[in-house]
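Data block for data.csv (CSV, C-alpha atoms and all ligand atoms):
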```csv
chain,number,residue,atom,x,y,z
A,135,MET,CA,19.7,24.2,-10.1
A,136,ARG,CA,22.7,22.5,-11.6
A,137,ILE,CA,23.7,18.9,-11.5
A,138,ASP,CA,27.2,17.9,-12.6
A,139,ILE,CA,27.7,14.2,-13.1
A,140,ILE,CA,31.3,12.8,-13.1
A,141,SER,CA,31.8,9.4,-14.7
A,142,VAL,CA,34.2,7.3,-16.7
A,143,LEU,CA,31.3,6.4,-18.9
A,144,PRO,CA,29.4,9.6,-19.5
A,145,GLU,CA,27.9,8.2,-22.8
A,146,MET,CA,25.9,5.8,-20.6
A,147,ILE,CA,23.9,8.7,-19.2
A,148,GLU,CA,24.1,11.1,-22.2
A,149,GLY,CA,21.0,9.8,-24.0
A,150,PHE,CA,19.0,9.6,-20.8
A,151,VAL,CA,19.5,13.2,-19.7
A,152,GLY,CA,18.9,14.5,-23.2
A,153,GLU,CA,15.4,13.0,-23.4
A,154,SER,CA,11.9,13.5,-22.2
A,155,ILE,CA,11.2,15.3,-19.0
A,156,LEU,CA,14.8,15.9,-18.2
A,157,ALA,CA,15.3,17.5,-21.6
A,158,ARG,CA,12.2,19.6,-21.1
A,159,ALA,CA,13.3,20.8,-17.7
A,160,GLN,CA,16.7,21.9,-19.2
A,161,LYS,CA,15.0,23.7,-22.1
A,162,LYS,CA,12.8,25.5,-19.6
A,163,GLY,CA,15.9,26.6,-17.8
A,164,LEU,CA,14.9,24.9,-14.6
A,165,VAL,CA,18.0,22.8,-14.3
A,166,GLU,CA,21.4,22.4,-16.1
A,167,ILE,CA,22.7,18.8,-16.2
A,168,LYS,CA,26.3,18.5,-17.3
A,169,LEU,CA,28.3,15.4,-17.8
A,170,HIS,CA,32.1,15.2,-17.2
A,171,ASN,CA,34.4,12.5,-18.4
A,172,LEU,CA,36.7,11.7,-15.5
A,173,ARG,CA,39.4,10.7,-17.9
A,174,ASP,CA,39.7,14.3,-19.1
A,175,TYR,CA,41.2,15.0,-15.7
A,176,SER,CA,43.8,12.2,-15.7
A,177,ARG,CA,47.5,13.2,-16.2
A,178,ASP,CA,48.3,9.7,-17.4
A,179,LYS,CA,49.2,9.4,-21.1
A,180,TRP,CA,46.7,6.5,-21.4
A,181,ARG,CA,44.0,8.6,-19.6
A,182,ARG,CA,43.9,6.0,-16.8
A,183,VAL,CA,42.0,7.0,-13.6
A,184,ASP,CA,42.4,3.7,-11.6
A,185,ASP,CA,45.2,1.7,-10.0
A,186,TYR,CA,45.8,-1.4,-7.9
A,187,PRO,CA,44.7,-1.3,-4.3
A,188,TYR,CA,47.3,-1.1,-1.5
A,189,GLY,CA,47.3,-4.2,0.5
A,190,GLY,CA,47.0,-6.5,-2.5
A,191,SER,CA,43.3,-7.2,-2.6
A,192,ALA,CA,41.6,-7.8,-6.0
A,193,GLY,CA,40.1,-5.2,-8.3
A,194,MET,CA,41.0,-1.6,-9.2
A,195,VAL,CA,40.5,1.6,-7.3
A,196,MET,CA,39.6,5.0,-8.7
A,197,GLN,CA,42.5,7.4,-7.8
A,198,CYS,CA,42.3,10.6,-5.9
A,199,GLU,CA,44.0,12.9,-8.3
A,200,PRO,CA,41.6,12.9,-11.4
A,201,ILE,CA,38.6,13.1,-9.0
A,202,ASP,CA,40.1,16.0,-7.0
A,203,ARG,CA,41.1,17.9,-10.2
A,204,CYS,CA,37.6,17.5,-11.7
A,205,ILE,CA,35.8,18.5,-8.5
A,206,SER,CA,38.2,21.4,-7.9
A,207,ALA,CA,37.6,22.7,-11.5
A,208,LEU,CA,33.8,22.6,-11.0
A,209,LYS,CA,34.1,24.3,-7.6
A,210,ALA,CA,36.2,27.0,-9.1
A,211,GLU,CA,33.2,27.9,-11.3
A,212,HIS,CA,30.2,27.2,-9.1
A,213,ASP,CA,29.1,26.7,-5.5
A,214,TYR,CA,27.8,23.2,-4.6
A,215,ASP,CA,25.5,22.1,-1.8
A,216,GLU,CA,26.4,18.5,-2.0
A,217,VAL,CA,29.1,16.3,-3.5
A,218,ILE,CA,27.4,12.9,-3.8
A,219,TYR,CA,29.1,9.6,-4.3
A,220,THR,CA,27.0,6.7,-5.7
A,221,SER,CA,27.9,3.5,-3.8
A,222,PRO,CA,26.1,0.4,-2.7
A,223,ASP,CA,27.2,1.1,0.8
A,224,GLY,CA,25.7,4.6,0.9
A,225,GLU,CA,22.4,5.7,2.6
A,226,PRO,CA,19.4,4.1,0.8
A,227,PHE,CA,17.9,6.6,-1.7
A,228,ASN,CA,14.2,7.3,-1.1
A,229,GLN,CA,11.6,10.0,-1.8
A,230,HIS,CA,12.7,12.0,1.3
A,231,ILE,CA,16.2,12.3,-0.1
A,232,ALA,CA,14.9,13.2,-3.5
A,233,ASN,CA,12.7,16.0,-2.0
A,234,ASP,CA,15.6,17.2,0.0
A,235,LEU,CA,18.0,17.3,-2.9
A,236,SER,CA,15.5,18.9,-5.2
A,237,LEU,CA,15.4,21.9,-2.9
A,238,LYS,CA,19.2,22.3,-3.0
A,239,GLY,CA,21.1,24.6,-5.4
A,240,ASN,CA,23.8,22.7,-7.1
A,241,LEU,CA,24.9,19.1,-6.9
A,242,ILE,CA,27.9,17.1,-8.0
A,243,ILE,CA,27.3,13.3,-8.5
A,244,LEU,CA,30.4,11.2,-8.7
A,245,CYS,CA,29.7,7.8,-10.2
A,246,GLY,CA,31.7,5.0,-8.6
A,247,HIS,CA,33.3,2.3,-10.7
A,248,TYR,CA,35.6,-0.7,-10.3
A,249,LYS,CA,36.1,-1.6,-6.7
A,250,GLY,CA,35.2,2.0,-5.7
A,251,ILE,CA,37.2,5.2,-5.0
A,252,ASP,CA,40.2,5.9,-2.8
A,253,GLN,CA,38.9,6.3,0.8
A,254,ARG,CA,40.6,9.7,1.0
A,255,VAL,CA,38.2,11.1,-1.6
A,256,ARG,CA,35.3,9.9,0.5
A,257,ASP,CA,36.9,11.5,3.6
A,258,HIS,CA,37.8,14.9,2.1
A,259,LEU,CA,35.6,15.6,-0.9
A,260,ILE,CA,32.3,13.7,-0.6
A,261,THR,CA,29.5,15.1,1.5
A,262,ARG,CA,26.9,12.4,1.0
A,263,GLU,CA,27.0,8.7,-0.2
A,264,ILE,CA,23.9,7.3,-1.7
A,265,SER,CA,22.9,3.8,-2.7
A,266,ILE,CA,19.8,3.1,-4.9
A,267,GLY,CA,19.3,-0.4,-3.5
A,268,ASP,CA,20.9,-3.4,-1.9
A,269,TYR,CA,22.5,-4.9,-5.0
A,270,VAL,CA,25.7,-4.1,-6.8
A,271,LEU,CA,25.7,-2.4,-10.2
A,272,THR,CA,28.6,-2.4,-12.6
A,273,GLY,CA,29.0,1.3,-12.0
A,274,GLY,CA,27.2,4.3,-10.5
A,275,GLU,CA,25.9,5.7,-13.8
A,276,LEU,CA,22.5,4.1,-13.5
A,277,ALA,CA,22.3,5.2,-9.9
A,278,ALA,CA,23.1,8.8,-11.0
A,279,ALA,CA,20.5,8.6,-13.7
A,280,VAL,CA,17.8,7.3,-11.2
A,281,MET,CA,18.6,10.0,-8.7
A,282,THR,CA,18.7,12.8,-11.3
A,283,ASP,CA,15.3,11.7,-12.7
A,284,ALA,CA,13.7,11.5,-9.2
A,285,ILE,CA,15.1,14.9,-8.2
A,286,VAL,CA,14.4,16.9,-11.4
A,287,ARG,CA,10.8,15.8,-11.7
A,288,LEU,CA,10.2,17.5,-8.3
A,289,ILE,CA,11.5,20.9,-9.3
A,290,PRO,CA,8.4,23.1,-9.6
A,291,GLY,CA,7.5,23.6,-13.3
A,292,THR,CA,9.2,20.4,-14.5
A,293,ILE,CA,6.0,18.3,-14.8
A,294,SER,CA,2.9,20.0,-16.0
A,295,ASP,CA,0.6,19.1,-13.2
A,296,GLU,CA,2.5,19.8,-10.0
A,297,GLN,CA,-0.3,18.2,-8.0
A,298,SER,CA,0.7,14.9,-9.6
A,299,ALA,CA,4.2,15.0,-8.1
A,300,LEU,CA,2.6,15.7,-4.7
A,301,SER,CA,0.3,12.7,-4.9
A,302,ASP,CA,3.1,10.3,-5.9
A,303,CYS,CA,3.7,7.1,-4.2
A,304,PHE,CA,5.9,7.6,-1.1
A,305,GLN,CA,5.3,11.3,-1.0
A,306,ASP,CA,3.6,10.8,2.4
A,307,ASP,CA,5.3,7.6,3.3
A,308,MET,CA,2.4,5.8,1.6
A,309,LEU,CA,1.7,4.1,-1.6
A,310,ALA,CA,-0.7,5.9,-3.9
A,311,ALA,CA,-4.4,5.0,-4.2
A,312,PRO,CA,-5.4,3.0,-7.4
A,313,ILE,CA,-6.3,5.2,-10.4
A,314,TYR,CA,-8.7,4.7,-13.2
A,315,THR,CA,-9.7,6.4,-16.5
A,316,ARG,CA,-12.5,6.1,-19.1
A,317,PRO,CA,-14.4,4.0,-19.9
A,318,ALA,CA,-16.2,3.4,-16.6
A,319,ASP,CA,-16.9,-0.2,-17.7
A,320,TYR,CA,-14.4,-2.1,-19.8
A,321,LYS,CA,-15.4,-5.7,-20.6
A,322,GLY,CA,-17.3,-5.8,-17.3
A,323,TRP,CA,-14.3,-4.5,-15.3
A,324,LYS,CA,-15.9,-1.6,-13.4
A,325,VAL,CA,-14.5,1.6,-12.0
A,326,PRO,CA,-15.4,1.8,-8.3
A,327,ASP,CA,-18.8,3.6,-8.0
A,328,ILE,CA,-17.4,6.2,-5.5
A,329,LEU,CA,-15.2,7.7,-8.2
A,330,LEU,CA,-18.2,8.3,-10.4
A,331,SER,CA,-20.3,9.8,-7.5
A,332,GLY,CA,-19.1,13.4,-8.0
A,333,ASN,CA,-18.7,13.8,-4.2
A,334,GLU,CA,-15.1,15.1,-3.9
A,335,ALA,CA,-14.8,14.8,-0.1
A,336,LYS,CA,-15.9,11.2,-0.2
A,337,VAL,CA,-13.5,10.5,-3.1
A,338,ARG,CA,-10.5,12.0,-1.2
A,339,GLN,CA,-11.5,9.9,1.9
A,340,TRP,CA,-11.8,6.7,-0.3
A,341,GLU,CA,-8.4,7.4,-1.9
A,342,PHE,CA,-6.8,7.9,1.6
A,343,GLU,CA,-8.3,4.6,2.9
A,344,GLN,CA,-7.2,2.8,-0.3
A,345,ALA,CA,-3.7,4.2,0.1
A,346,ILE,CA,-3.5,3.0,3.7
A,347,GLU,CA,-4.8,-0.4,2.9
A,348,ARG,CA,-2.4,-0.9,0.0
A,349,THR,CA,0.6,0.4,2.1
A,350,LYS,CA,-0.4,-2.0,5.0
A,351,ARG,CA,-0.6,-4.9,2.5
A,352,LEU,CA,2.3,-4.3,0.2
A,353,ARG,CA,4.8,-2.1,2.2
A,354,PRO,CA,4.0,-2.3,5.9
A,355,ASP,CA,7.6,-1.2,6.6
A,356,LEU,CA,6.7,2.4,5.4
A,357,LEU,CA,4.1,2.8,8.2
A,358,LYS,CA,6.5,2.1,11.0
B,401,LIG,N1,27.2,1.4,-7.6
B,401,LIG,C1,27.1,0.1,-7.6
B,401,LIG,N2,26.0,-0.4,-7.1
B,401,LIG,C2,25.3,0.7,-6.6
B,401,LIG,C3,24.1,0.9,-5.9
B,401,LIG,N3,23.3,-0.1,-5.6
B,401,LIG,N4,23.7,2.2,-5.7
B,401,LIG,C4,24.5,3.2,-6.0
B,401,LIG,N5,25.6,3.1,-6.7
B,401,LIG,C5,26.1,1.9,-7.0
```

Just dump the structure as structure tokens.
Ligand code: ADE
Amino acid sequence: MRIDIISVLPEMIEGFVGESILARAQKKGLVEIKLHNLRDYSRDKWRRVDDYPYGGSAGMVMQCEPIDRCISALKAEHDYDEVIYTSPDGEPFNQHIANDLSLKGNLIILCGHYKGIDQRVRDHLITREISIGDYVLTGGELAAAVMTDAIVRLIPGTISDEQSALSDCFQDDMLAAPIYTRPADYKGWKVPDILLSGNEAKVRQWEFEQAIERTKRLRPDLLK
């Protein structure tokens, strides 16, 4: 899998993709994550990639040409399954979308900035628009980093215990059951007896019931 991230501020994401689990996945050859500075595709002598909006409203708009040139250059080298645009008005990102994208081949993620991108890019080049929540960030870089993290950790081999990705919160549209580790009694704070019983079937049943109870209490919307 390959993820190409296009941004006017690639430095914002550089440290993140070079660290920890994402770094490990790249070293293992499970994914290649490449950052591209959109300004490198500007023909402007000041490397500008934005301009005033037609119609006179406030703010700046990212222009078609640098984005088209960058995406075309990438498509000349690789095949892509999705060209994603990060935007607060996109479809809300969730675990289903992360699962779906982790099964794809190659992805381009275009980080929005300023007021957004020229609508013609959305109409002709973008295949999917994704928001990471109902709030407005200063740019799409954090959204691209969030999505990349959630996608890459699902690629088999990225995290050491694959079971642990399968028992994540949201994996079955439910929150996860509470978890405990040693000691069994810390300052009188006790681990539930069932977890010490050694009866695996009963433990799984308890975890399931706990997961349902927590989901009903904290995120009833997931059960609908
Ligand atoms: N860019 C600005 N805000 C965003 C959001 N909430 N999700 C994705 N991209 C964004």

(request) Produce as a list in words the set of residues near ligand LIG 401 (chain B), where near means within 6 Å with all atoms listed in the file considered. (result)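 Counting all atoms listed in the file, the residues within 6 Å of ligand LIG 401 (chain B) come out as Thr220, Ser221, Pro222, Gly246, Ile264, Ser265, Ile266, Gly267, Asp268, Tyr269, Val270, Leu271, Thr272, Gly273, Gly274 and Ala277 of chain A.
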
(message) Residues near range 193-201 of chain A, anyone? I mean within 8 Å using only C-alpha atoms, not counting same-chain ones fewer than 6 positions away, as a VMD selection string.
(response) chain A and resid 172 to 173 175 to 177 183 to 187 246 to 252 254 to 255

Expected answer as a PDB file with C-alpha atoms, keeping the file's coordinate frame: all residues with atoms within 12 Å of (6.1, 1.5, 8.9), only C-alpha atoms:
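As a result, point.pdb now contains:
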```pdb
ATOM      1  CA  PHE A 304       5.900   7.600  -1.100  1.00  0.00           C
ATOM      2  CA  ASP A 306       3.600  10.800   2.400  1.00  0.00           C
ATOM      3  CA  ASP A 307       5.300   7.600   3.300  1.00  0.00           C
ATOM      4  CA  MET A 308       2.400   5.800   1.600  1.00  0.00           C
ATOM      5  CA  LEU A 309       1.700   4.100  -1.600  1.00  0.00           C
ATOM      6  CA  ILE A 346      -3.500   3.000   3.700  1.00  0.00           C
ATOM      7  CA  THR A 349       0.600   0.400   2.100  1.00  0.00           C
ATOM      8  CA  LYS A 350      -0.400  -2.000   5.000  1.00  0.00           C
ATOM      9  CA  ARG A 351      -0.600  -4.900   2.500  1.00  0.00           C
ATOM     10  CA  LEU A 352       2.300  -4.300   0.200  1.00  0.00           C
ATOM     11  CA  ARG A 353       4.800  -2.100   2.200  1.00  0.00           C
ATOM     12  CA  PRO A 354       4.000  -2.300   5.900  1.00  0.00           C
ATOM     13  CA  ASP A 355       7.600  -1.200   6.600  1.00  0.00           C
ATOM     14  CA  LEU A 356       6.700   2.400   5.400  1.00  0.00           C
ATOM     15  CA  LEU A 357       4.100   2.800   8.200  1.00  0.00           C
ATOM     16  CA  LYS A 358       6.500   2.100  11.000  1.00  0.00           C
TER      17      LYS A 358
END
```

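The interatomic distance for the pair CA of Leu164 in chain A and CA of Ser301 in chain A works out to 21.4 Å.
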
(message) For a cutoff of 12 Å around the file-coordinate point (19.5, 8.8, -19.4), which residues qualify once you count only C-alpha atoms? I'd like the result as an NGL selection string.
(response) :A and (139 or 144-157 or 167 or 169 or 275-283)

(message) Env of range 231-242 of chain A: 9 Å cut, atoms = only C-alpha atoms, seq-sep filter 2 positions within chain, self excluded. Answer as a PyMOL selection string.
(response) chain A and resi 135-140+205+208+212-219+226-229+244+281-282+284-289+305

For the selection just defined, write its residues with C-alpha atoms to a file, as a PDB file, in the frame of the given file.
```pdb
ATOM      1  CA  MET A 135      19.700  24.200 -10.100  1.00  0.00           C
ATOM      2  CA  ARG A 136      22.700  22.500 -11.600  1.00  0.00           C
ATOM      3  CA  ILE A 137      23.700  18.900 -11.500  1.00  0.00           C
ATOM      4  CA  ASP A 138      27.200  17.900 -12.600  1.00  0.00           C
ATOM      5  CA  ILE A 139      27.700  14.200 -13.100  1.00  0.00           C
ATOM      6  CA  ILE A 140      31.300  12.800 -13.100  1.00  0.00           C
ATOM      7  CA  ILE A 205      35.800  18.500  -8.500  1.00  0.00           C
ATOM      8  CA  LEU A 208      33.800  22.600 -11.000  1.00  0.00           C
ATOM      9  CA  HIS A 212      30.200  27.200  -9.100  1.00  0.00           C
ATOM     10  CA  ASP A 213      29.100  26.700  -5.500  1.00  0.00           C
ATOM     11  CA  TYR A 214      27.800  23.200  -4.600  1.00  0.00           C
ATOM     12  CA  ASP A 215      25.500  22.100  -1.800  1.00  0.00           C
ATOM     13  CA  GLU A 216      26.400  18.500  -2.000  1.00  0.00           C
ATOM     14  CA  VAL A 217      29.100  16.300  -3.500  1.00  0.00           C
ATOM     15  CA  ILE A 218      27.400  12.900  -3.800  1.00  0.00           C
ATOM     16  CA  TYR A 219      29.100   9.600  -4.300  1.00  0.00           C
ATOM     17  CA  PRO A 226      19.400   4.100   0.800  1.00  0.00           C
ATOM     18  CA  PHE A 227      17.900   6.600  -1.700  1.00  0.00           C
ATOM     19  CA  ASN A 228      14.200   7.300  -1.100  1.00  0.00           C
ATOM     20  CA  GLN A 229      11.600  10.000  -1.800  1.00  0.00           C
ATOM     21  CA  LEU A 244      30.400  11.200  -8.700  1.00  0.00           C
ATOM     22  CA  MET A 281      18.600  10.000  -8.700  1.00  0.00           C
ATOM     23  CA  THR A 282      18.700  12.800 -11.300  1.00  0.00           C
ATOM     24  CA  ALA A 284      13.700  11.500  -9.200  1.00  0.00           C
ATOM     25  CA  ILE A 285      15.100  14.900  -8.200  1.00  0.00           C
ATOM     26  CA  VAL A 286      14.400  16.900 -11.400  1.00  0.00           C
ATOM     27  CA  ARG A 287      10.800  15.800 -11.700  1.00  0.00           C
ATOM     28  CA  LEU A 288      10.200  17.500  -8.300  1.00  0.00           C
ATOM     29  CA  ILE A 289      11.500  20.900  -9.300  1.00  0.00           C
ATOM     30  CA  GLN A 305       5.300  11.300  -1.000  1.00  0.00           C
TER      31      GLN A 305
END
```
